[in-house]
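Some notes on the structure that comes next.
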Amino acid sequence: MGVVASAPAKIILFGEHFVVYGEPAIVLAIDKRAYAKAELRNDKKLFIRSSNLNIAGIFENGNFKVEEGNPKEAKMRLEPLKCAAEKVLEISGEKVGLNIEVSSTVPVAAGLGSSAAVASAVAASVGALLNVKMTKEDVFRIAFEAEKIMHGTPSGVDPAISTFGGTLLFQMDTGFKPLDVKVDIPLVIGNTGVERLTRVQVSKVRSVRDKHPQIFEAILRTAREIVLRAIEALIEGDLETLGELMNFNHALLYGLSVSDESLEWLINSARKAGALGAKLTGAGGGGCMIALTDKDKLEKVLEAVQRSGGNAFIARKTDEGVRVEPS
Ligand code: MEV
């Protein structure tokens, strides 16, 4: 019998990329979840399958054998999950084989933290299957290790939010702090459908920093000010100011070349339709944008983003981080 765990996707409201350089970010979990089901095998192999990506493979004695899908892609996406499962096996002290099946309602490579959500869900499902006592902190650490394999030098913001849920203020050196946000944050998310790798976008920003260190320093300072002002606006429920701050934040990201035509198209259509503010979310270069909108304009902005070719939906925030699903 298997055990299922799930973890939420996220959107970054403020501070993506700058967070990699130690600046704060504001991030919230949304009601799209990734699921992982773990069950015991009769041998010592580790079989992992992603039903929505149609990839599968077996890990045995340090070797990978693809069972379904493109071997390179299968290895790239499944290796971090193997690492997460192995870390839990290490803690449990058990030497058993596992079948792990992941499925997700989170679009991949789109800036919504799908890889971190899947890694958290895998760690929690294997932990529950093997009766390992794990705190959320443990799940976070394991998902973070998996993210390092996937993305190179991640800040840890994605595994933090998919593990803990809610709305978090995240900073690399001080960790994360839940923000007590009472106000509703009506958001439209628009997916450009352009897939990209987070590590490529992160390295683009690094090249800008290397070429223009002083300008980059000033951009970081501005990004920090935006987050500090956004915390106040969130607590005061001042959506109009939040929208303006999102536009500022997007302008900085645009300057760093992590926006692209597909994102600009959707962002402009959302603004024209009356959104209070709009920006890319996550690593950029394609992927998703978000638009903050007065409640009565949600449908109008949604339609505008859809008409411009975005796969759009209304985001609802969720307080629930990683959880083991009832059997
Ligand atoms: C990716 O969701 C967010 C980035 O800031 C990378 C990271 O923080 O690891 C682009």
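Residue numbers start at 1 in each chain; chains themselves are named A, B, ... in the order of the structure tokens; ligands are numbered from 1 in the order shown.
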Neighbouring residues of ligand 1 are defined here as those with any atom at most 7 Å from a ligand atom, counting only C-alpha atoms and all ligand atoms; list them as a VMD selection string. chain A and resid 16 to 20 111 to 113 153 to 158 198 201 to 202 282 to 283
Pull N, CA and C atoms from the residues just selected and write them as a short mmCIF file (atom, residue, chain, number, x, y, z; two decimals), in the first residue's frame.
```cif
data_model
loop_
_atom_site.label_atom_id
_atom_site.label_comp_id
_atom_site.auth_asym_id
_atom_site.auth_seq_id
_atom_site.Cartn_x
_atom_site.Cartn_y
_atom_site.Cartn_z
N GLU A 16 12.38 38.00 -6.75
CA GLU A 16 13.10 36.90 -7.42
C GLU A 16 14.42 37.43 -7.99
N HIS A 17 15.35 36.57 -8.13
CA HIS A 17 16.73 36.86 -8.58
C HIS A 17 17.53 37.64 -7.53
N PHE A 18 16.96 38.75 -7.01
CA PHE A 18 17.70 39.53 -6.02
C PHE A 18 17.92 38.70 -4.76
N VAL A 19 16.99 37.78 -4.52
CA VAL A 19 17.06 36.90 -3.35
C VAL A 19 18.32 36.01 -3.39
N VAL A 20 18.78 35.71 -4.60
CA VAL A 20 20.00 34.89 -4.76
C VAL A 20 21.22 35.65 -4.22
N GLY A 111 8.08 28.88 -13.52
CA GLY A 111 8.25 29.90 -12.48
C GLY A 111 7.36 29.69 -11.28
N LEU A 112 6.63 28.56 -11.26
CA LEU A 112 5.70 28.33 -10.14
C LEU A 112 6.26 27.34 -9.12
N GLY A 113 7.51 27.02 -9.24
CA GLY A 113 8.17 26.18 -8.22
C GLY A 113 7.78 24.72 -8.28
N THR A 153 22.56 27.09 -8.10
CA THR A 153 22.74 27.89 -6.89
C THR A 153 21.43 28.53 -6.44
N PRO A 154 20.45 27.73 -6.08
CA PRO A 154 19.17 28.32 -5.70
C PRO A 154 19.25 29.01 -4.35
N SER A 155 18.34 29.97 -4.12
CA SER A 155 18.33 30.67 -2.84
C SER A 155 17.67 29.83 -1.75
N GLY A 156 16.80 28.90 -2.15
CA GLY A 156 16.04 28.12 -1.16
C GLY A 156 14.62 28.62 -0.99
N VAL A 157 14.27 29.70 -1.72
CA VAL A 157 12.93 30.27 -1.54
C VAL A 157 11.84 29.29 -2.00
N ASP A 158 12.10 28.57 -3.09
CA ASP A 158 11.06 27.66 -3.61
C ASP A 158 10.78 26.49 -2.65
N THR A 198 15.67 27.54 -14.93
CA THR A 198 15.99 28.55 -13.92
C THR A 198 17.49 28.85 -13.91
N GLN A 201 18.54 31.43 -16.47
CA GLN A 201 18.13 32.80 -16.12
C GLN A 201 19.00 33.36 -15.00
N VAL A 202 19.30 32.51 -14.02
CA VAL A 202 20.14 32.96 -12.90
C VAL A 202 21.53 33.32 -13.41
N GLY A 282 9.07 34.36 -10.67
CA GLY A 282 10.02 33.25 -10.79
C GLY A 282 11.22 33.69 -11.60
N ALA A 283 11.78 32.77 -12.36
CA ALA A 283 13.05 33.07 -13.02
C ALA A 283 12.91 33.91 -14.29
#
```
Write out as a PyMOL selection string the set of residues from segment 87-297 of chain A that DSSP, computed on the backbone, places in strand (DSSP E). chain A and resi 98-104+167-171+175-178+187-191+277-281+288-292
From segment 243-298 of chain A, collect each residue whose DSSP state is helix (DSSP H, G or I) and return the set as a PyMOL selection string. chain A and resi 243-255+261-272+295-298
Just-selected residues, N, CA, C and O atoms written as a short mmCIF file (atom, residue, chain, number, x, y, z; two decimals), in the first residue's frame:
```
data_model
loop_
_atom_site.label_atom_id
_atom_site.label_comp_id
_atom_site.auth_asym_id
_atom_site.auth_seq_id
_atom_site.Cartn_x
_atom_site.Cartn_y
_atom_site.Cartn_z
N GLY A 243 0.49 47.21 -6.28
CA GLY A 243 0.52 47.14 -7.75
C GLY A 243 1.65 47.99 -8.31
O GLY A 243 2.41 47.55 -9.18
N GLU A 244 1.79 49.21 -7.77
CA GLU A 244 2.86 50.10 -8.25
C GLU A 244 4.23 49.45 -7.99
O GLU A 244 5.13 49.48 -8.84
N LEU A 245 4.35 48.86 -6.82
CA LEU A 245 5.63 48.24 -6.45
C LEU A 245 5.94 47.04 -7.36
O LEU A 245 7.09 46.79 -7.71
N MET A 246 4.88 46.32 -7.75
CA MET A 246 5.10 45.20 -8.68
C MET A 246 5.63 45.71 -10.01
O MET A 246 6.51 45.10 -10.62
N ASN A 247 5.08 46.85 -10.46
CA ASN A 247 5.57 47.42 -11.72
C ASN A 247 7.04 47.84 -11.61
O ASN A 247 7.84 47.60 -12.51
N PHE A 248 7.40 48.44 -10.46
CA PHE A 248 8.81 48.80 -10.25
C PHE A 248 9.69 47.55 -10.29
O PHE A 248 10.74 47.50 -10.91
N ASN A 249 9.22 46.52 -9.58
CA ASN A 249 9.99 45.27 -9.49
C ASN A 249 10.20 44.68 -10.88
O ASN A 249 11.29 44.25 -11.25
N HIS A 250 9.12 44.71 -11.68
CA HIS A 250 9.25 44.16 -13.03
C HIS A 250 10.25 44.97 -13.87
O HIS A 250 11.02 44.40 -14.64
N ALA A 251 10.22 46.30 -13.69
CA ALA A 251 11.14 47.15 -14.47
C ALA A 251 12.60 46.75 -14.18
O ALA A 251 13.43 46.69 -15.10
N LEU A 252 12.89 46.45 -12.93
CA LEU A 252 14.26 46.04 -12.59
C LEU A 252 14.61 44.71 -13.28
O LEU A 252 15.69 44.54 -13.84
N LEU A 253 13.65 43.78 -13.24
CA LEU A 253 13.91 42.46 -13.86
C LEU A 253 14.06 42.60 -15.37
O LEU A 253 14.90 41.94 -15.98
N TYR A 254 13.27 43.48 -15.95
CA TYR A 254 13.36 43.74 -17.39
C TYR A 254 14.77 44.25 -17.71
O TYR A 254 15.41 43.81 -18.66
N GLY A 255 15.25 45.16 -16.87
CA GLY A 255 16.59 45.72 -17.08
C GLY A 255 17.68 44.66 -17.00
O GLY A 255 18.73 44.80 -17.61
N GLU A 261 9.65 38.68 -24.80
CA GLU A 261 8.49 39.19 -25.54
C GLU A 261 7.19 38.58 -25.06
O GLU A 261 6.18 39.27 -24.92
N SER A 262 7.22 37.28 -24.82
CA SER A 262 5.98 36.60 -24.45
C SER A 262 5.46 37.12 -23.12
O SER A 262 4.25 37.31 -22.93
N LEU A 263 6.37 37.40 -22.18
CA LEU A 263 5.96 37.94 -20.88
C LEU A 263 5.46 39.37 -21.03
O LEU A 263 4.43 39.76 -20.48
N GLU A 264 6.20 40.18 -21.80
CA GLU A 264 5.82 41.59 -21.96
C GLU A 264 4.42 41.71 -22.56
O GLU A 264 3.63 42.56 -22.18
N TRP A 265 4.13 40.83 -23.49
CA TRP A 265 2.84 40.82 -24.16
C TRP A 265 1.72 40.64 -23.13
O TRP A 265 0.74 41.38 -23.09
N LEU A 266 1.88 39.62 -22.28
CA LEU A 266 0.83 39.32 -21.28
C LEU A 266 0.77 40.41 -20.21
O LEU A 266 -0.31 40.81 -19.76
N ILE A 267 1.93 40.90 -19.80
CA ILE A 267 1.97 41.93 -18.76
C ILE A 267 1.28 43.20 -19.25
O ILE A 267 0.46 43.80 -18.56
N ASN A 268 1.58 43.59 -20.50
CA ASN A 268 0.95 44.80 -21.04
C ASN A 268 -0.55 44.62 -21.18
O ASN A 268 -1.32 45.54 -20.90
N SER A 269 -0.98 43.44 -21.60
CA SER A 269 -2.43 43.25 -21.78
C SER A 269 -3.13 43.30 -20.42
O SER A 269 -4.22 43.86 -20.31
N ALA A 270 -2.49 42.78 -19.37
CA ALA A 270 -3.10 42.83 -18.03
C ALA A 270 -3.18 44.27 -17.55
O ALA A 270 -4.22 44.72 -17.02
N ARG A 271 -2.14 45.03 -17.76
CA ARG A 271 -2.14 46.44 -17.31
C ARG A 271 -3.22 47.22 -18.06
O ARG A 271 -3.95 48.01 -17.47
N LYS A 272 -3.29 47.00 -19.38
CA LYS A 272 -4.29 47.71 -20.20
C LYS A 272 -5.70 47.39 -19.74
O LYS A 272 -6.59 48.23 -19.79
N LYS A 295 -10.81 43.10 -7.13
CA LYS A 295 -11.66 41.90 -7.29
C LYS A 295 -12.63 42.03 -8.46
O LYS A 295 -12.81 41.08 -9.23
N ASP A 296 -13.22 43.24 -8.62
CA ASP A 296 -14.25 43.37 -9.66
C ASP A 296 -13.65 43.40 -11.07
O ASP A 296 -14.39 43.38 -12.06
N LYS A 297 -12.32 43.42 -11.17
CA LYS A 297 -11.72 43.42 -12.53
C LYS A 297 -11.03 42.08 -12.83
O LYS A 297 -10.41 41.91 -13.88
N LEU A 298 -11.13 41.12 -11.89
CA LEU A 298 -10.42 39.85 -12.08
C LEU A 298 -10.76 39.19 -13.42
O LEU A 298 -9.87 38.79 -14.17
#
```
Just the residues within 7 Å of segment 299-311 of chain A, please, counting only C-alpha atoms, with nothing from its chain fewer than 6 positions along; format it as a ChimeraX atom specification. /A:188,190-192,266,269-270,273-275
Coordinates-based distance that separates atom CA of Ile142 of chain A from atom CA of Phe64 of chain A (Å, one decimal): 20.7 Å
Between atom CA of Arg141 of chain A and atom CA of Leu187 of chain A, measure the distance and give it in Å to one decimal.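 Result for atom CA of Arg141 of chain A versus atom CA of Leu187 of chain A: 29.4 Å, one decimal.
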What's around Val139 of chain A at 12 Å? Count only C-alpha atoms, leave out sequence neighbours fewer than 3 positions away in its own chain, and write the answer as an MDAnalysis selection string. chainID A and resid 5:7 84:85 87:88 91 116:128 132:136 142:146 159:164 321:324
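Nearest to Gly93 of chain A of all the residues A:Ala56, A:Asn131, A:Lys148, A:Met289 is A:Asn131, based on only C-alpha atoms.
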Excluding segment 98-107 of chain A and residues on its chain fewer than 3 positions from it, collect all residues at most 8 Å away from it, counting only C-alpha atoms, and give them as JSON, numbers by chain. {"A": [9, 32, 33, 34, 35, 36, 37, 38, 39, 40, 41, 44, 45, 46, 47, 48, 49, 50, 51, 52, 110, 112, 114, 118, 122]}
What is the atom CA of Gly166 of chain A-atom CA of Tyr21 of chain A distance in Å, reported with one decimal? 23.3 Å
9 Å contact set for segment 223-236 of chain A, only C-alpha atoms, chain neighbours under 5 positions out, as a PyMOL selection string: chain A and resi 14-15+18+23-26+169+179-183+185+218+241-242+245-246+248-249+252
